[in-house]
Amino acid sequence: MKYKWLTVLLVAMASSVCAKERIEFMVSSGDQMAFVNEVIKPEYEKRYPDVELILTNDGNLETRMAAGDYPNVYAGIFGYMVPRYAKLGRLMYLDDFDGFDDMTDRIEPQFMEQHFGRQYYIPWHATTQMMIYNKDLFREAGIDPELPPQTWDELLFAAEKINNLPARSNGSRVHGVALWNDALASGGWYWNMLSPMYYNFNDGEYQLLNRYGTHPVFDKEEAGMVPFLETMKQLQQFAPLAMEQNFFSRTIGIWPQYGIAWRANLQDAAGKPMVIGEDVGIAPIPVREKGDTHYSNLDGRALMVFKNTRHVEQRSWQLIELLMEDDFNLEANMALQNLPTLTSLQDHEYFQTPDIKPFVDQLQNVVMNESNAAVSEVSSIILNYYSQSVVMDRLSPEEAVKAATEDVKKIMRR
């Protein structure tokens with residue numbers, strides 16, 4: 001009998017020795033998870049054979065957090081997520097790790113931002129917004145396709161001219177511009193689509209809240225929220241109510257669009273593939289006056305480490321170090337259709353092509369997605385009144401801004 005128990009004990013000890021520790025990396029489902037699974041996971045486990053990298057999608061993060069269950073590394077978005085989780089006391093100070101300074105020296109400064117005086121994330125990759133436009137519709141409307149609108153007045157003029165073109169042979173109506181009204185209920189995500197246009201009414205100096213996230217600033221006259229809503233209201237006249245027609249149907253003149261992932265749809269355009277430079281142009285978001293700086297916003301994925309034992313945190317940091325190596329970071333940008341945060345990749349030949357370089361150049365004039373814990377709720381309020389003023393025409397822009405300000409002040413007093 002004693003030998004039987006000895007055998008059980010030895011088997012248990014062997015199992016304990018052979019068991020791999022697990023590091024959980026939470027990413028979004030789809031291409032991001034596929035890339036990490038196919039490229040990063042094998043390399044990480046090769047370097048650290050005693051570790052198994054577990055991938056999970058971020059659809060249930062908030063639910064898990066409410067139950068006290070956290071991933072080890074999370075690829076969240078720039079903006080409210082980092083300060084929200086940092087304020088909850090759940091994120092590791094990344095500047096505590098050996099190698100942090102060397103890594104951040106390799107990252108372009110505009111991608112780095114502190115919260116509460118500490119660094120809680122590493123920018124994995126970036127994206128920003130510009131306008132893409134249909135050159136054929138510009139020609140048909142009598143507008144030079146090589147001189148896209150630079151100002152809001154020029155944009156409204158071009159949108160109206162294109163909107164007045166006759167319907168296509170299949171009966172489809174032509175629209176001057178397309179907006180993402182379908183996404184108005186999505187809160188912060190859709191405000192990230194509208195915010196670059198808002199920034200070009202205030203020279204990128206005002207967001208929704210002050211720098212401390214304690215008071216609204218969008219109600220200030222110099223923030224330009226009223227003229228922004230007025231202009232979007234005019235622009236909405238030349239846009240479909242929803243996205244029942246997309247840019248690749250060849251019936252949309254101008255479309256504000258994020259990053260470069262949309263290029264994959266060029267091959268499926270109506271009739272035949274669309275070609276950048278021939279059929280499609282890329283231009284910055286309009287400004288108030290010619291000569292003003294064209295601003296956009298900075299979006300992308302932020303790598304965060306949730307607190308754990310020091311050993312697990314170190315393993316988590318090692319994963320981030322791998323993700324930020326030049327070769328793997330370039331491969332991620334190419335696979336996920338994103339823009340580089342590493343200085344060494346800015347001039348890489350991949351990012352110098354006519355379809356990508358305009359977006360990389362735009363990164364020099366971007367405003368970081370608003371970074372405080374309250375902005376998600378605040379942006380939902382803004383979108384509610386945006387809808388009532390711009391889309392449904394129930395409120396004037398002045399009334400919308402006044403009502404939104406009152407609602408935001410109420411939640412800020414809670």
# chains A, B, ... in the order shown; residues from 1 in each chain; ligands from 1
$ residues_around --residues "Glu321 (chain A)" --least-positions-apart "5" --cutoff "12 Å" --atoms "only C-alpha atoms" --output "tab-separated table (two decimals) with N, CA and C atoms, in the first residue's frame"
chain	number	residue	atom	x	y	z
A	40	ILE	N	2.58	35.47	-32.84
A	40	ILE	CA	3.16	35.83	-31.54
A	40	ILE	C	3.19	34.66	-30.57
A	44	TYR	N	6.53	33.42	-28.61
A	44	TYR	CA	6.59	33.64	-27.17
A	44	TYR	C	6.83	32.33	-26.44
A	47	ARG	N	10.42	31.11	-26.84
A	47	ARG	CA	11.37	31.82	-25.99
A	47	ARG	C	11.21	31.44	-24.52
A	73	VAL	N	-2.40	40.59	-19.84
A	73	VAL	CA	-2.09	41.67	-20.78
A	73	VAL	C	-3.35	41.94	-21.60
A	94	LEU	N	4.02	50.54	-15.83
A	94	LEU	CA	4.98	49.93	-16.76
A	94	LEU	C	6.37	50.54	-16.62
A	97	PHE	N	9.31	48.58	-14.96
A	97	PHE	CA	10.01	47.44	-15.56
A	97	PHE	C	11.36	47.84	-16.14
A	98	ASP	N	12.34	46.95	-15.98
A	98	ASP	CA	13.61	47.14	-16.67
A	98	ASP	C	13.36	47.09	-18.17
A	99	GLY	N	13.94	48.00	-18.88
A	99	GLY	CA	13.74	48.04	-20.33
A	99	GLY	C	12.68	49.02	-20.78
A	100	PHE	N	11.93	49.60	-19.81
A	100	PHE	CA	10.88	50.55	-20.18
A	100	PHE	C	11.46	51.76	-20.88
A	101	ASP	N	12.52	52.34	-20.32
A	101	ASP	CA	13.10	53.55	-20.92
A	101	ASP	C	13.64	53.26	-22.31
A	102	ASP	N	14.31	52.13	-22.47
A	102	ASP	CA	14.84	51.78	-23.79
A	102	ASP	C	13.70	51.62	-24.80
A	103	MET	N	12.60	51.02	-24.37
A	103	MET	CA	11.47	50.83	-25.29
A	103	MET	C	10.85	52.16	-25.67
A	104	THR	N	10.58	53.01	-24.68
A	104	THR	CA	9.91	54.26	-24.98
A	104	THR	C	10.79	55.22	-25.78
A	106	ARG	N	12.27	54.33	-28.29
A	106	ARG	CA	12.06	53.90	-29.67
A	106	ARG	C	10.68	54.28	-30.21
A	122	ILE	N	1.63	50.83	-23.31
A	122	ILE	CA	2.57	50.95	-24.43
A	122	ILE	C	1.74	50.95	-25.71
A	123	PRO	N	1.95	51.93	-26.60
A	123	PRO	CA	1.16	51.99	-27.84
A	123	PRO	C	1.62	50.95	-28.85
A	124	TRP	N	0.82	49.91	-29.03
A	124	TRP	CA	1.18	48.81	-29.93
A	124	TRP	C	1.16	49.27	-31.38
A	303	LEU	N	-1.32	48.61	-25.02
A	303	LEU	CA	-1.01	47.39	-24.27
A	303	LEU	C	-0.91	47.71	-22.78
A	314	GLN	N	6.17	40.20	-14.73
A	314	GLN	CA	7.39	40.18	-15.54
A	314	GLN	C	7.17	39.38	-16.83
A	315	ARG	N	6.49	38.27	-16.74
A	315	ARG	CA	6.16	37.48	-17.94
A	315	ARG	C	5.28	38.32	-18.89
A	316	SER	N	4.38	39.09	-18.33
A	316	SER	CA	3.51	39.94	-19.14
A	316	SER	C	4.33	41.01	-19.86
A	326	ASP	N	10.96	45.38	-33.58
A	326	ASP	CA	10.72	45.96	-34.91
A	326	ASP	C	10.06	44.98	-35.87
A	327	ASP	N	10.62	43.79	-36.01
A	327	ASP	CA	10.12	42.85	-37.00
A	327	ASP	C	8.69	42.41	-36.71
A	328	PHE	N	8.41	42.09	-35.44
A	328	PHE	CA	7.07	41.63	-35.09
A	328	PHE	C	6.07	42.78	-35.11
A	329	ASN	N	6.53	43.97	-34.76
A	329	ASN	CA	5.63	45.12	-34.79
A	329	ASN	C	5.27	45.49	-36.23
$ residues_around --residues "region 341-346 of chain A" --least-positions-apart "5" --cutoff "10 Å" --atoms "only C-alpha atoms" --output "PyMOL selection string"
chain A and resi 103-112+122-127+300+324-327+329-330+333+351-352+357+360-361+363
$ residues_around --residues "Glu113 (chain A)" --least-positions-apart "4" --cutoff "12 Å" --atoms "only C-alpha atoms" --output "list in words"
Phe78, Gly79, Val82, Pro83, Thr104, Ile107, Glu108, Pro109, Gly117, Arg118, Gln119, Tyr120, Tyr121, Ile122, Pro123, Leu298, Ala302, Val367, Met368, Asn369, Glu370, Ser371 and Asn372 of chain A
$ write_last_selection --atoms "N, CA and C atoms" --output "PDB file, in the first residue's frame"
ATOM      1  N   PHE A  78      -6.818  53.326 -27.238  1.00  0.00           N
ATOM      2  CA  PHE A  78      -6.437  54.621 -26.686  1.00  0.00           C
ATOM      3  C   PHE A  78      -7.699  55.335 -26.210  1.00  0.00           C
ATOM      4  N   GLY A  79      -7.569  56.129 -25.184  1.00  0.00           N
ATOM      5  CA  GLY A  79      -8.716  56.890 -24.722  1.00  0.00           C
ATOM      6  C   GLY A  79      -9.081  56.543 -23.301  1.00  0.00           C
ATOM      7  N   VAL A  82      -7.591  53.275 -20.546  1.00  0.00           N
ATOM      8  CA  VAL A  82      -6.395  53.281 -19.702  1.00  0.00           C
ATOM      9  C   VAL A  82      -6.656  54.006 -18.381  1.00  0.00           C
ATOM     10  N   PRO A  83      -7.148  55.252 -18.400  1.00  0.00           N
ATOM     11  CA  PRO A  83      -7.376  55.908 -17.104  1.00  0.00           C
ATOM     12  C   PRO A  83      -8.473  55.255 -16.274  1.00  0.00           C
ATOM     13  N   THR A 104      10.582  53.008 -24.682  1.00  0.00           N
ATOM     14  CA  THR A 104       9.906  54.263 -24.980  1.00  0.00           C
ATOM     15  C   THR A 104      10.788  55.221 -25.778  1.00  0.00           C
ATOM     16  N   ILE A 107       9.835  54.849 -29.336  1.00  0.00           N
ATOM     17  CA  ILE A 107       8.455  55.172 -29.710  1.00  0.00           C
ATOM     18  C   ILE A 107       8.322  56.674 -29.953  1.00  0.00           C
ATOM     19  N   GLU A 108       7.604  57.050 -31.007  1.00  0.00           N
ATOM     20  CA  GLU A 108       7.366  58.462 -31.283  1.00  0.00           C
ATOM     21  C   GLU A 108       6.614  59.100 -30.106  1.00  0.00           C
ATOM     22  N   PRO A 109       7.054  60.280 -29.643  1.00  0.00           N
ATOM     23  CA  PRO A 109       6.511  60.862 -28.407  1.00  0.00           C
ATOM     24  C   PRO A 109       5.004  61.106 -28.413  1.00  0.00           C
ATOM     25  N   GLY A 117       0.242  60.750 -13.418  1.00  0.00           N
ATOM     26  CA  GLY A 117       1.685  60.862 -13.240  1.00  0.00           C
ATOM     27  C   GLY A 117       2.477  59.605 -13.523  1.00  0.00           C
ATOM     28  N   ARG A 118       1.836  58.563 -14.049  1.00  0.00           N
ATOM     29  CA  ARG A 118       2.544  57.312 -14.335  1.00  0.00           C
ATOM     30  C   ARG A 118       2.217  56.833 -15.749  1.00  0.00           C
ATOM     31  N   GLN A 119       3.006  55.865 -16.197  1.00  0.00           N
ATOM     32  CA  GLN A 119       2.808  55.305 -17.536  1.00  0.00           C
ATOM     33  C   GLN A 119       2.169  53.923 -17.415  1.00  0.00           C
ATOM     34  N   TYR A 120       0.956  53.790 -17.930  1.00  0.00           N
ATOM     35  CA  TYR A 120       0.190  52.561 -17.770  1.00  0.00           C
ATOM     36  C   TYR A 120       0.026  51.765 -19.066  1.00  0.00           C
ATOM     37  N   TYR A 121       0.542  52.254 -20.166  1.00  0.00           N
ATOM     38  CA  TYR A 121       0.345  51.525 -21.420  1.00  0.00           C
ATOM     39  C   TYR A 121       1.531  51.729 -22.354  1.00  0.00           C
ATOM     40  N   ILE A 122       1.629  50.830 -23.312  1.00  0.00           N
ATOM     41  CA  ILE A 122       2.574  50.953 -24.427  1.00  0.00           C
ATOM     42  C   ILE A 122       1.741  50.952 -25.712  1.00  0.00           C
ATOM     43  N   PRO A 123       1.949  51.928 -26.602  1.00  0.00           N
ATOM     44  CA  PRO A 123       1.157  51.992 -27.837  1.00  0.00           C
ATOM     45  C   PRO A 123       1.621  50.947 -28.846  1.00  0.00           C
ATOM     46  N   LEU A 298      -5.953  60.568 -32.744  1.00  0.00           N
ATOM     47  CA  LEU A 298      -5.046  59.430 -32.626  1.00  0.00           C
ATOM     48  C   LEU A 298      -5.774  58.299 -31.925  1.00  0.00           C
ATOM     49  N   ALA A 302      -3.625  50.047 -27.138  1.00  0.00           N
ATOM     50  CA  ALA A 302      -2.738  50.300 -26.013  1.00  0.00           C
ATOM     51  C   ALA A 302      -2.554  49.006 -25.225  1.00  0.00           C
ATOM     52  N   VAL A 367      -4.688  64.569 -32.334  1.00  0.00           N
ATOM     53  CA  VAL A 367      -5.070  64.788 -30.942  1.00  0.00           C
ATOM     54  C   VAL A 367      -5.397  63.416 -30.353  1.00  0.00           C
ATOM     55  N   MET A 368      -4.717  63.061 -29.275  1.00  0.00           N
ATOM     56  CA  MET A 368      -4.953  61.770 -28.629  1.00  0.00           C
ATOM     57  C   MET A 368      -6.410  61.645 -28.213  1.00  0.00           C
ATOM     58  N   ASN A 369      -7.009  60.475 -28.470  1.00  0.00           N
ATOM     59  CA  ASN A 369      -8.367  60.234 -27.981  1.00  0.00           C
ATOM     60  C   ASN A 369      -8.464  60.640 -26.519  1.00  0.00           C
ATOM     61  N   GLU A 370      -9.547  61.300 -26.187  1.00  0.00           N
ATOM     62  CA  GLU A 370      -9.694  61.867 -24.855  1.00  0.00           C
ATOM     63  C   GLU A 370      -9.513  60.790 -23.791  1.00  0.00           C
ATOM     64  N   SER A 371      -8.650  61.093 -22.833  1.00  0.00           N
ATOM     65  CA  SER A 371      -8.206  60.071 -21.878  1.00  0.00           C
ATOM     66  C   SER A 371      -8.651  60.390 -20.463  1.00  0.00           C
ATOM     67  N   ASN A 372      -9.888  60.132 -20.163  1.00  0.00           N
ATOM     68  CA  ASN A 372     -10.327  60.157 -18.773  1.00  0.00           C
ATOM     69  C   ASN A 372     -11.515  59.226 -18.629  1.00  0.00           C
TER      70      ASN A 372
END
$ residues_around --residues "region 254-262 of chain A" --least-positions-apart "3" --cutoff "7 Å" --atoms "only C-alpha atoms" --output "ChimeraX atom specification"
/A:127-134,176-179,247,265,337-338,356,359
$ write_last_selection --atoms "C-alpha atoms" --output "CSV table (one decimal), in the first residue's frame"
chain,number,residue,atom,x,y,z
A,127,THR,CA,-4.6,54.7,-36.7
A,128,THR,CA,-6.0,58.1,-37.6
A,129,GLN,CA,-8.8,59.5,-39.8
A,130,MET,CA,-8.7,61.3,-43.2
A,131,MET,CA,-11.2,61.7,-46.1
A,132,ILE,CA,-11.3,59.4,-49.1
A,133,TYR,CA,-13.1,60.6,-52.1
A,134,ASN,CA,-14.4,59.4,-55.5
A,176,GLY,CA,-22.2,63.9,-51.8
A,177,VAL,CA,-20.9,62.4,-48.5
A,178,ALA,CA,-21.5,59.5,-46.2
A,179,LEU,CA,-21.6,59.6,-42.4
A,247,PHE,CA,-18.3,54.3,-50.8
A,265,ASN,CA,-12.8,46.7,-50.1
A,337,GLN,CA,-3.7,47.3,-41.4
A,338,ASN,CA,-2.4,49.8,-38.8
A,356,ILE,CA,-0.6,54.6,-46.7
A,359,PHE,CA,-2.1,58.5,-43.1
$ select_by_dssp --residues "region 230-272 of chain A" --states "strand (DSSP E or B)" --output "number ranges by chain"
A: 252-258
$ closest_residue --among "A:Asn365, A:Thr231, A:Asn192, A:Asn200" --to "Ile382 (chain A)" --atoms "only C-alpha atoms"
A:Asn192
$ atom_distance --atom1 "CA of Val312 (chain A)" --atom2 "CA of Asn37 (chain A)"
20.0 Å
$ closest_atom_pairs --of "region 141-196 of chain A" --to "region 269-275 of chain A" --cutoff "12 Å" --atoms "only C-alpha atoms" --output "JSON lines"
{"residue": "A:Arg168", "atom": "CA", "partner": "A:Ala270", "partner_atom": "CA", "distance": 11.6}
{"residue": "A:Asn170", "atom": "CA", "partner": "A:Ala270", "partner_atom": "CA", "distance": 11.4}
{"residue": "A:Ser172", "atom": "CA", "partner": "A:Ala270", "partner_atom": "CA", "distance": 11.8}
$ write_last_selection --atoms "C-alpha atoms" --output "mmCIF file, in the first residue's frame"
data_model
loop_
_atom_site.group_PDB
_atom_site.id
_atom_site.type_symbol
_atom_site.label_atom_id
_atom_site.label_comp_id
_atom_site.auth_asym_id
_atom_site.auth_seq_id
_atom_site.Cartn_x
_atom_site.Cartn_y
_atom_site.Cartn_z
ATOM 1 C CA ARG A 168 -27.063 55.662 -61.671
ATOM 2 C CA ASN A 170 -29.526 50.841 -61.632
ATOM 3 C CA SER A 172 -29.107 54.175 -57.064
#
$ atom_distance --atom1 "CA of Glu38 (chain A)" --atom2 "CA of Leu323 (chain A)"
13.2 Å
$ select_by_dssp --residues "region 151-294 of chain A" --states "helix (DSSP H, G or I)" --output "MDAnalysis selection string"
chainID A and resid 152:163 181:186 188:199 221:223 225:236 247:249 261:268
$ residues_around --residues "region 216-228 of chain A" --least-positions-apart "6" --cutoff "10 Å" --atoms "only C-alpha atoms" --output "VMD selection string"
chain A and resid 152 194 to 195 197 to 210 378 382 390 396 to 402 404 to 406 408 to 409 412
$ write_last_selection --atoms "C-alpha atoms" --output "compact mmCIF listing (two decimals), in the first residue's frame"
# COMPACT_ATOMS: atom_id res chain seq x y z
CA TRP A 152 -15.52 73.34 -44.81
CA LEU A 194 -16.71 62.69 -35.33
CA SER A 195 -14.11 64.22 -33.02
CA MET A 197 -13.99 67.09 -37.53
CA TYR A 198 -14.79 68.89 -34.27
CA TYR A 199 -11.07 69.48 -33.63
CA ASN A 200 -10.82 71.34 -36.93
CA PHE A 201 -13.19 73.95 -35.55
CA ASN A 202 -10.86 74.77 -32.64
CA ASP A 203 -7.35 74.10 -33.98
CA GLY A 204 -7.11 70.90 -31.98
CA GLU A 205 -7.16 72.82 -28.68
CA TYR A 206 -10.44 71.64 -27.17
CA GLN A 207 -11.91 68.22 -26.51
CA LEU A 208 -15.09 67.58 -24.49
CA LEU A 209 -13.70 67.93 -20.96
CA ASN A 210 -10.85 69.86 -19.40
CA VAL A 378 -20.00 62.27 -21.80
CA ILE A 382 -22.98 64.56 -26.97
CA VAL A 390 -27.94 67.25 -36.95
CA SER A 396 -30.85 74.10 -33.00
CA PRO A 397 -27.09 73.68 -32.49
CA GLU A 398 -27.22 76.28 -29.72
CA GLU A 399 -30.03 74.41 -27.94
CA ALA A 400 -28.20 71.10 -28.35
CA VAL A 401 -24.98 72.45 -26.82
CA LYS A 402 -26.84 74.07 -23.92
CA ALA A 404 -25.72 68.67 -23.45
CA THR A 405 -23.76 70.95 -21.12
CA GLU A 406 -26.46 70.73 -18.45
CA VAL A 408 -22.79 66.61 -18.52
CA LYS A 409 -22.57 68.89 -15.49
CA MET A 412 -19.86 65.30 -13.26
$ closest_residue --among "A:Ala239, A:Ala335, A:Met92, A:Ile282" --to "Phe306 (chain A)" --atoms "only C-alpha atoms"
A:Met92
$ residues_around --residues "Gly59 (chain A)" --least-positions-apart "3" --cutoff "9 Å" --atoms "only C-alpha atoms" --output "VMD selection string"
chain A and resid 28 to 29 56 62 to 63
$ atom_distance --atom1 "CA of Phe116 (chain A)" --atom2 "CA of Tyr190 (chain A)"
26.4 Å
$ closest_residue --among "A:His115, A:Asp279, A:Asp393, A:Ser379" --to "Leu184 (chain A)" --atoms "only C-alpha atoms"
A:Ser379
